[in-house]
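Q: Okay, handing you the structure first.
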Amino acid sequence: MGKRVAIVDTVQTEHGDKLEDNIREIMFGVVRQLLDRVGIEKSEIGTMVSASSDYWEGISCSNAYYYDAAGANLKSGSNAEEDSGLAFIYGFMRILSGDYKTALVISITKCSETPSAATLTHMSADPFFHRPVGLNETVVAGLQAREYMNRYGITEEDLAMVVVKNLGNAQKNPYAHRGGQLSEEEVLASSMMVYPLREMDIPSTSDGACAVLLAEEKIARDLTDTPIFVEGVGWGTDHSFLGDRNLLNGSLPKAAERAYQMAGVKDPSNEIDMAEICDITSFHEILWMEQLGFCPPGKGADLVKDGVTAMHGKLPVNPSGGLFGANPYVARGLIRIAEAAMQLKGEAGDRQVLDVSRAVAQSVHGLGGQLHSVIILGT
Amino acid sequence: MSGESRILEGYVSLPYKWAMGAATTRFFEELKNKKIMGTKCPKCNRVLIPARSFCSHCFEKIDEWKEVSQEGTLRTWCTVNFSYEGQPKEPPYILGIIDLDGADVGLPHFVGGVDLDDFEEAAKKVHIGGRVRAVWKENRTGNILDIDYFQPVE
């Protein structure tokens, strides 16, 4: 790869169950803070890519509602529907094109304003076959978890360990909207929501926003002492018919392979120092880790059990607390990228993990992980 | 700006009309006659349900119709024990992916005919690898819910 692109800086809201401000005001606040931190003006933003979703905002062309509030008035701007990981990759490519030297990537979701995630993800099921039987993200998570647990023999206790770890980590993340030191017993005492997954296995949704400034290498070095380089990206989409898909081997392994190849990573379990991934349920953290190449299929739970993915383990996963810490649906992928960048910059405060020079961030949307984006970042 | 931020409440309800295409239209017509029809790809020879007019793997058109069995194997399942707006059924209920005999892909549908009040008993009947058979609605109008559910068979 010739041209190098780096993250200059990131800003997040203090995510919450319910943020009081209007979406435009939140967007203005996040971007204003980012510009002030970096020390540039609105006029110096080359292009802007946002991620939001009309269903998740109740306004069509949802991005048009807040573009000017994010500093993109009359600028070149575009939007990636639903997945903010893809928006990041899009912004990265805008700089690679040579047309822009800087790109602002933003995402916001206020789940407190919308119907539930179960209702909205039901709308991503087609109206002929999948919607009439009520498929949505939560139900498909149950189907996927049952198939996995049957094949590999992991237990509800194994899943509970992920919840305990992530909520524990979230306590140290000032942007997280929840966190706590729970016991596995407390997780296992929560009600069964979509067997085999309990209420506490599924992170509820949040309000939150995130902004990331990307720049070509020379400008990035002018603007920060700690540029974080985008070393590799990959993404992919699986079949729309659920019954056609292998729910335990979908688009993520291929997306990850593309990203690793671009970054020159041959052995992710040894060459990746930490990961921020979209734990849409406790079970999915286990599955995604395997598909990101951290361990062989069926062995993900062992990584949690053995402490490998703990805050100060060999390969910390979601030191931020992941979606258990905060789950503003569309913005969650960009937050993973921002968290990974903060770790690499050494600016993650109480949740800082040690000795990190390369990290992976993963974003997902669609039922059962139909679409994944994988981003490799390095110092 | 400090001060109170009030909430505006609203509701979005919009009508849509979706073209089914010829394959889905015939698939639904055949359901009225209690037939589950797939289409067979001329290249990979897979029988795909619901029937469709092309194979997205081989990227070829499909013209050959093939009836599949009303009985099959349960690939996976879950119980739905929570409510959401737009939900098609009163919880709790079971959803599964069924691999019908003669088809090469699965069909997501309800699994029924078991008493969910006793979960242990239900889980003995509903299990991965278990056999299930289509139970049809009395009045069939040509949609996926003409199959009421799939019931475990002994």
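Residue numbering restarts at 1 in every chain; chains get A, B, ... in the order shown in the structure tokens, and ligands count up from 1 in that same order.
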Only residues of chain A matter here; which ones have an atom within 7 Å of chain B, counting only C-alpha atoms? Give them as a list in words.
A: Glu20, Asp21, Ala118, Thr119, Phe129, Pro132, Val133, Gly134, Val139, Gly142, Leu143, Arg146, Glu147, Met192, Met193, Val194, Tyr195, Pro196, Gly243 and Asp244 of chain A
Q: Would you mind exporting the chosen residues as an mmCIF file, in the first residue's frame, restricted to N, CA and C atoms?
A:
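Everything below was put into result_3.cif:
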```cif
data_model
loop_
_atom_site.group_PDB
_atom_site.id
_atom_site.type_symbol
_atom_site.label_atom_id
_atom_site.label_comp_id
_atom_site.auth_asym_id
_atom_site.auth_seq_id
_atom_site.Cartn_x
_atom_site.Cartn_y
_atom_site.Cartn_z
ATOM 1 N N GLU A 20 -30.429 13.554 26.757
ATOM 2 C CA GLU A 20 -31.523 14.531 26.655
ATOM 3 C C GLU A 20 -31.489 15.357 25.374
ATOM 4 N N ASP A 21 -30.279 15.673 24.879
ATOM 5 C CA ASP A 21 -30.191 16.613 23.761
ATOM 6 C C ASP A 21 -30.758 16.047 22.468
ATOM 7 N N ALA A 118 -35.548 -5.230 18.699
ATOM 8 C CA ALA A 118 -36.247 -6.406 18.167
ATOM 9 C C ALA A 118 -37.226 -5.987 17.070
ATOM 10 N N THR A 119 -37.933 -4.890 17.298
ATOM 11 C CA THR A 119 -38.902 -4.402 16.310
ATOM 12 C C THR A 119 -38.188 -3.871 15.064
ATOM 13 N N PHE A 129 -40.936 -14.110 3.473
ATOM 14 C CA PHE A 129 -40.610 -15.376 4.144
ATOM 15 C C PHE A 129 -40.140 -15.198 5.590
ATOM 16 N N PRO A 132 -42.844 -12.713 8.234
ATOM 17 C CA PRO A 132 -44.045 -13.367 8.782
ATOM 18 C C PRO A 132 -43.759 -14.349 9.929
ATOM 19 N N VAL A 133 -42.529 -14.907 9.977
ATOM 20 C CA VAL A 133 -42.222 -15.813 11.085
ATOM 21 C C VAL A 133 -41.430 -15.092 12.188
ATOM 22 N N GLY A 134 -41.313 -13.792 12.056
ATOM 23 C CA GLY A 134 -40.793 -12.985 13.165
ATOM 24 C C GLY A 134 -39.291 -13.008 13.346
ATOM 25 N N VAL A 139 -33.905 -13.042 17.736
ATOM 26 C CA VAL A 139 -34.352 -14.416 17.472
ATOM 27 C C VAL A 139 -33.267 -15.197 16.736
ATOM 28 N N GLY A 142 -30.591 -16.383 18.953
ATOM 29 C CA GLY A 142 -30.966 -17.600 19.670
ATOM 30 C C GLY A 142 -30.754 -18.843 18.823
ATOM 31 N N LEU A 143 -31.172 -18.775 17.549
ATOM 32 C CA LEU A 143 -31.007 -19.918 16.636
ATOM 33 C C LEU A 143 -29.526 -20.253 16.450
ATOM 34 N N ARG A 146 -27.956 -21.681 19.756
ATOM 35 C CA ARG A 146 -28.367 -23.080 19.987
ATOM 36 C C ARG A 146 -27.550 -24.032 19.103
ATOM 37 N N GLU A 147 -27.380 -23.649 17.835
ATOM 38 C CA GLU A 147 -26.636 -24.516 16.905
ATOM 39 C C GLU A 147 -25.182 -24.651 17.360
ATOM 40 N N MET A 192 -35.011 -16.132 30.952
ATOM 41 C CA MET A 192 -34.699 -16.684 29.636
ATOM 42 C C MET A 192 -35.446 -15.856 28.595
ATOM 43 N N MET A 193 -34.694 -15.277 27.652
ATOM 44 C CA MET A 193 -35.318 -14.373 26.686
ATOM 45 C C MET A 193 -35.567 -15.079 25.356
ATOM 46 N N VAL A 194 -34.520 -15.668 24.833
ATOM 47 C CA VAL A 194 -34.669 -16.426 23.602
ATOM 48 C C VAL A 194 -33.738 -17.636 23.776
ATOM 49 N N TYR A 195 -34.305 -18.674 24.381
ATOM 50 C CA TYR A 195 -33.517 -19.836 24.765
ATOM 51 C C TYR A 195 -32.604 -20.238 23.620
ATOM 52 N N PRO A 196 -31.314 -20.390 23.860
ATOM 53 C CA PRO A 196 -30.591 -20.498 25.137
ATOM 54 C C PRO A 196 -30.031 -19.175 25.698
ATOM 55 N N GLY A 243 -31.907 -19.646 5.674
ATOM 56 C CA GLY A 243 -31.742 -21.094 5.541
ATOM 57 C C GLY A 243 -30.655 -21.497 4.567
ATOM 58 N N ASP A 244 -30.190 -20.547 3.737
ATOM 59 C CA ASP A 244 -29.089 -20.820 2.807
ATOM 60 C C ASP A 244 -27.734 -20.664 3.487
#
```
Q: From a DSSP pass on the backbone, collect the residues of range 71-104 of chain B flagged as strand (DSSP E or B) and hand them back as a PyMOL selection string.
A: chain B and resi 71-80+93-100
Q: As a PyMOL selection string, which residues of chain B does DSSP assign to alpha helix (DSSP H)?
A: chain B and resi 22-32+119-125
Q: Within 12 Å of range 74-76 of chain A, counting only C-alpha atoms, which residues show up once you throw out same-chain ones fewer than 3 positions away? Write them as a ChimeraX atom specification, please.
A: /A:42-50,64,67-71,79,91,94,99-100,102-104
